[in-house]
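Below is one structure; the comments refer to it alone.
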Amino acid sequence: MSEVERSGREEVWIEKYRPQTLSDVVGHETIVERLQSYVDRNDLSHMLFAGPAGTGKTTSATAIARELYGDDWQEHFLELNASDERGIDVVRDRIKSFARTSFGGVDYRIIFLDEADALTSDAQSALRRTMEQFSNNVRFIMSCNYSSQIIDPIQSRCAVFRFSPLGDEAVEAEIRHIADEEGIELTDDGVDALVYAAGGDMRKAINGLQAASVSGDVVDEEAVFAITSTARPEVIQGMVQDAIDGDFTAARSQLDDLITDEGIAGGDIIDQLHRSIWEFDVPDEQAVRILDRVGETDYRITEGANERIQLEAMLASLSLDD
Ligand SMILES: Nc1ncnc2c1ncn2[C@@H]1O[C@H](COP(=O)(O)OP(=O)(O)OP(=O)(O)O)[C@@H](O)[C@H]1O
């Protein structure tokens, strides 16, 4: 029985183990150092945190607020999602009412705007004016996956911090620590599988550990791959190898198993393929050709094309190469 069940309540580990201070944020030493110096001087600029999901953008923003405001931090920190389906006007209204309410002893408040890259350019321009209007008593921290989607006038008003995918060692250390705290038996191959499945996303790693621990006493490779909808790297490699060897039928049937039987999303298969190509035992020139196809397929899937058709087409084209 897992600790979650033993304790009788479902506690979400990503919240339970979310770092409370900047020094607990792992894997981003340079960023943390710069942020810490802002906090120490109590002099924040507007900031833009750019990077993939689950790497610590929200965590760093809340850690800043905790350090600046102590126990009352939530009074002075507003988290908004820019892609609020009710529109930019609702977002701006909430910003205005937050910025105007009484401050009680602090110089400025923080507004954390998640998914800022979901805003259209027009909405970003409107937001920029709001930023200017309240710049004497509000600091904005914006979070996005791609800074290129943020208009220049906003970027130039912000200190930009790039959060890269977390390194394997950082992810491994964190999940080993959590497993220890929770009394979970985690095997070495279970650790490797979690690190692989996470691909630098700490949220994915921790959620994977928690989910796998609910279904059995020991968290091993098998439990992790089953629960995280991740294909085993050797299966992905086998599928691509079949295609390269000209056996399209075998490659297609492997793909079918992954999508239909294991329920893995096409986008995740492409993502895994992208991460594993350089570990395949193929000549560099061939790896480059595969990467080229992966890029094209990824683009088409992102643009909304049918995943299965695109993946099959990619395997077909690899099987046609000499
Ligand atoms: N650098 C890190 N150090 C320690 N824990 C982390 C780190 N990054 C993420 N985590 C863990 O993962 C969880 C999710 O992270 P967080 O909310 O900060 O991600 P994010 O970068 O804001 O992602 P998104 O873009 O999806 O909002 C946190 O609650 C924390 O448990």
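Chain lettering (A, B, ...) mirrors the order of the structure tokens, residue numbering begins at 1 for each chain separately, and ligand numbering begins at 1 in order of display.
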Quiz item: How would you write, as a PyMOL selection string, the set of residues no farther than 8 Å from ligand 1 when counting only C-alpha atoms and all ligand atoms?
Solution: chain A and resi 13-19+24-28+51-60+114-115+143-145+163+166+170+174+201-204+206
Quiz item: So which bits of region 92-281 of chain A end up strand (DSSP E or B) when you DSSP the backbone, as an NGL selection string?
Solution: :A and (109-114 or 138-144 or 159-162 or 185-186 or 218-219)
The selected residues should be written to file as a PDB file, in the first residue's frame (atoms: C-alpha atoms).
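Just written: selection_7.pdb:
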```pdb
ATOM      1  CA  ARG A 109       2.553  44.056  -5.347  1.00  0.00           C
ATOM      2  CA  ILE A 110       3.277  41.264  -7.786  1.00  0.00           C
ATOM      3  CA  ILE A 111       1.051  40.080 -10.590  1.00  0.00           C
ATOM      4  CA  PHE A 112       2.029  36.740 -12.034  1.00  0.00           C
ATOM      5  CA  LEU A 113       0.609  36.294 -15.500  1.00  0.00           C
ATOM      6  CA  ASP A 114       0.788  32.717 -16.680  1.00  0.00           C
ATOM      7  CA  VAL A 138       2.838  46.686  -9.397  1.00  0.00           C
ATOM      8  CA  ARG A 139       5.571  44.414 -10.744  1.00  0.00           C
ATOM      9  CA  PHE A 140       4.619  41.953 -13.427  1.00  0.00           C
ATOM     10  CA  ILE A 141       6.111  38.515 -13.727  1.00  0.00           C
ATOM     11  CA  MET A 142       4.999  36.955 -16.986  1.00  0.00           C
ATOM     12  CA  SER A 143       5.396  33.340 -17.821  1.00  0.00           C
ATOM     13  CA  CYS A 144       5.443  31.843 -21.287  1.00  0.00           C
ATOM     14  CA  ALA A 159      14.235  41.283 -17.454  1.00  0.00           C
ATOM     15  CA  VAL A 160      14.071  38.015 -19.374  1.00  0.00           C
ATOM     16  CA  PHE A 161      14.913  34.707 -17.667  1.00  0.00           C
ATOM     17  CA  ARG A 162      15.164  31.542 -19.708  1.00  0.00           C
ATOM     18  CA  GLU A 185      10.536   1.822  -2.644  1.00  0.00           C
ATOM     19  CA  LEU A 186      11.926   3.194  -5.882  1.00  0.00           C
ATOM     20  CA  VAL A 218       7.428  -0.834  -5.585  1.00  0.00           C
ATOM     21  CA  VAL A 219       7.927   1.833  -8.198  1.00  0.00           C
TER      22      VAL A 219
END
```
Self-check item: Test item, alpha helix (DSSP H) assignment across region 56-281 of chain A, answer as a ChimeraX atom specification
Solution: /A:57-69,88-100,121-133,152-155,168-182,188-198,202-214,221-227,233-244,248-256,266-276
Select from region 202-269 of chain A every residue with an atom at most 10 Å from any atom of region 286-308 of chain A, then for each give the shortest pair of atoms and their distance in Å to one decimal, using only C-alpha atoms, rows by chain and rising number, as CSV.
```
residue,atom,partner,partner_atom,distance
A:Val240,CA,A:Ile290,CA,8.9
A:Ile244,CA,A:Gln286,CA,9.0
A:Arg252,CA,A:Arg308,CA,9.9
A:Leu255,CA,A:Arg308,CA,8.5
A:Asp256,CA,A:Arg308,CA,8.6
A:Ile259,CA,A:Arg308,CA,8.1
A:Ala265,CA,A:Glu307,CA,8.1
A:Gly266,CA,A:Glu307,CA,5.3
A:Gly267,CA,A:Ile301,CA,6.9
A:Asp268,CA,A:Asp298,CA,9.8
A:Ile269,CA,A:Glu307,CA,9.8
```
Resulting file, chosen residues, N, CA and C atoms, as an mmCIF file, in the first residue's frame:
```
data_model
loop_
_atom_site.group_PDB
_atom_site.id
_atom_site.type_symbol
_atom_site.label_atom_id
_atom_site.label_comp_id
_atom_site.auth_asym_id
_atom_site.auth_seq_id
_atom_site.Cartn_x
_atom_site.Cartn_y
_atom_site.Cartn_z
ATOM 1 N N VAL A 240 11.489 2.667 -35.508
ATOM 2 C CA VAL A 240 12.225 3.466 -36.494
ATOM 3 C C VAL A 240 13.201 2.569 -37.267
ATOM 4 N N ILE A 244 13.593 2.106 -41.249
ATOM 5 C CA ILE A 244 14.854 2.326 -41.964
ATOM 6 C C ILE A 244 15.245 1.079 -42.765
ATOM 7 N N ARG A 252 4.718 0.091 -38.977
ATOM 8 C CA ARG A 252 3.356 0.585 -38.832
ATOM 9 C C ARG A 252 2.620 -0.166 -37.722
ATOM 10 N N LEU A 255 3.687 1.140 -34.431
ATOM 11 C CA LEU A 255 3.048 2.434 -34.185
ATOM 12 C C LEU A 255 1.615 2.220 -33.709
ATOM 13 N N ASP A 256 0.956 1.274 -34.343
ATOM 14 C CA ASP A 256 -0.419 0.961 -33.986
ATOM 15 C C ASP A 256 -0.513 0.510 -32.525
ATOM 16 N N ILE A 259 -0.116 3.614 -30.260
ATOM 17 C CA ILE A 259 -1.243 4.551 -30.236
ATOM 18 C C ILE A 259 -2.518 3.873 -29.719
ATOM 19 N N ALA A 265 -0.012 9.441 -27.039
ATOM 20 C CA ALA A 265 -0.364 10.470 -28.019
ATOM 21 C C ALA A 265 0.730 10.593 -29.075
ATOM 22 N N GLY A 266 0.304 10.878 -30.308
ATOM 23 C CA GLY A 266 1.261 11.011 -31.401
ATOM 24 C C GLY A 266 2.325 12.061 -31.104
ATOM 25 N N GLY A 267 1.890 13.186 -30.520
ATOM 26 C CA GLY A 267 2.827 14.257 -30.200
ATOM 27 C C GLY A 267 3.903 13.782 -29.215
ATOM 28 N N ASP A 268 3.499 12.914 -28.282
ATOM 29 C CA ASP A 268 4.472 12.400 -27.305
ATOM 30 C C ASP A 268 5.456 11.434 -27.970
ATOM 31 N N ILE A 269 4.954 10.675 -28.959
ATOM 32 C CA ILE A 269 5.855 9.747 -29.665
ATOM 33 C C ILE A 269 6.935 10.551 -30.406
#
```
Contacts of Gln36 (chain A) within 12 Å, only C-alpha atoms, excl. fewer than 6 positions in-chain, as a PDB file with C-alpha atoms, in the first residue's frame:
```pdb
ATOM      1  CA  THR A  21      12.283  29.538  -1.108  1.00  0.00           C
ATOM      2  CA  LEU A  22      14.436  30.402  -4.089  1.00  0.00           C
ATOM      3  CA  SER A  23      17.309  28.373  -2.705  1.00  0.00           C
ATOM      4  CA  ASP A  24      15.153  25.236  -2.896  1.00  0.00           C
ATOM      5  CA  VAL A  25      14.560  25.686  -6.635  1.00  0.00           C
ATOM      6  CA  HIS A  28      18.684  26.936 -12.361  1.00  0.00           C
ATOM      7  CA  GLU A  29      21.628  28.240 -10.347  1.00  0.00           C
ATOM      8  CA  THR A  30      22.306  31.362 -12.406  1.00  0.00           C
ATOM      9  CA  ASN A  42      13.783  44.504  -2.496  1.00  0.00           C
ATOM     10  CA  ASP A  43      13.893  45.981  -5.963  1.00  0.00           C
ATOM     11  CA  LEU A  44      12.040  43.960  -8.544  1.00  0.00           C
ATOM     12  CA  SER A  60      10.160  30.839  -8.623  1.00  0.00           C
ATOM     13  CA  ALA A  61       7.507  33.564  -8.776  1.00  0.00           C
ATOM     14  CA  ALA A  63       9.101  31.859  -3.869  1.00  0.00           C
ATOM     15  CA  ILE A  64       9.941  35.516  -4.590  1.00  0.00           C
ATOM     16  CA  ALA A  65       6.604  36.588  -3.124  1.00  0.00           C
ATOM     17  CA  GLU A  67      10.520  35.910   0.562  1.00  0.00           C
ATOM     18  CA  LEU A  68       9.390  39.502   0.023  1.00  0.00           C
TER      19      LEU A  68
END
```
Self-check item: Near-Ile236 (chain A) list (10 Å; only C-alpha atoms; drop same-chain fewer than 6 positions) as a PyMOL selection string
Solution: chain A and resi 251+254-255+258+269-270+272-273+276-277+280
Spatial neighbours of Val195 (chain A), max dist 7 Å, only C-alpha atoms, sep filter under 2 positions, as a PDB file with C-alpha atoms, in the first residue's frame:
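Now in part-v8.pdb:
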```pdb
ATOM      1  CA  ASP A 168      18.542  14.546 -15.461  1.00  0.00           C
ATOM      2  CA  VAL A 171      15.160  15.493 -11.622  1.00  0.00           C
ATOM      3  CA  GLU A 172      16.711  12.341 -10.205  1.00  0.00           C
ATOM      4  CA  VAL A 191      14.349   6.331 -11.435  1.00  0.00           C
ATOM      5  CA  ASP A 192      15.757   6.095 -14.961  1.00  0.00           C
ATOM      6  CA  ALA A 193      12.277   5.593 -16.397  1.00  0.00           C
ATOM      7  CA  ALA A 197       9.475  10.050 -19.162  1.00  0.00           C
ATOM      8  CA  ALA A 198       9.782  13.524 -17.662  1.00  0.00           C
ATOM      9  CA  GLY A 199      12.129  14.890 -20.333  1.00  0.00           C
ATOM     10  CA  ALA A 205       8.403  13.333 -12.897  1.00  0.00           C
TER      11      ALA A 205
END
```
Exercise. Could you give me, as a PyMOL selection string, the residues within 12 Å of Arg129 (chain A), counting only C-alpha atoms and dropping anything in the same chain fewer than 3 positions from it?
Key: chain A and resi 92+95-96+122-126+132-135+153-154+157
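In this structure, CA of Thr230 (chain A) sits 9.1 Å away from CA of Gly263 (chain A).
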Quiz prompt | Polymer residues at most 9 Å from Ala82 (chain A), only C-alpha atoms, same-chain spacing of 2 or more positions, as a PyMOL selection string | solution = chain A and resi 80+84-85+87-88+91+113-119
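CA of Gly208 (chain A) is positioned 28.6 Å from CA of Asp281 (chain A).
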Practice problem: State, in Å with one decimal place, the distance from CA of Val224 (chain A) to CA of Met239 (chain A). | Solution: 20.8 Å
Quiz item: Using only C-alpha atoms, which of A:Ala179, A:Ala50, A:Ile264, A:Val39 sits nearest Asp217 (chain A)?
Solution: A:Ala179
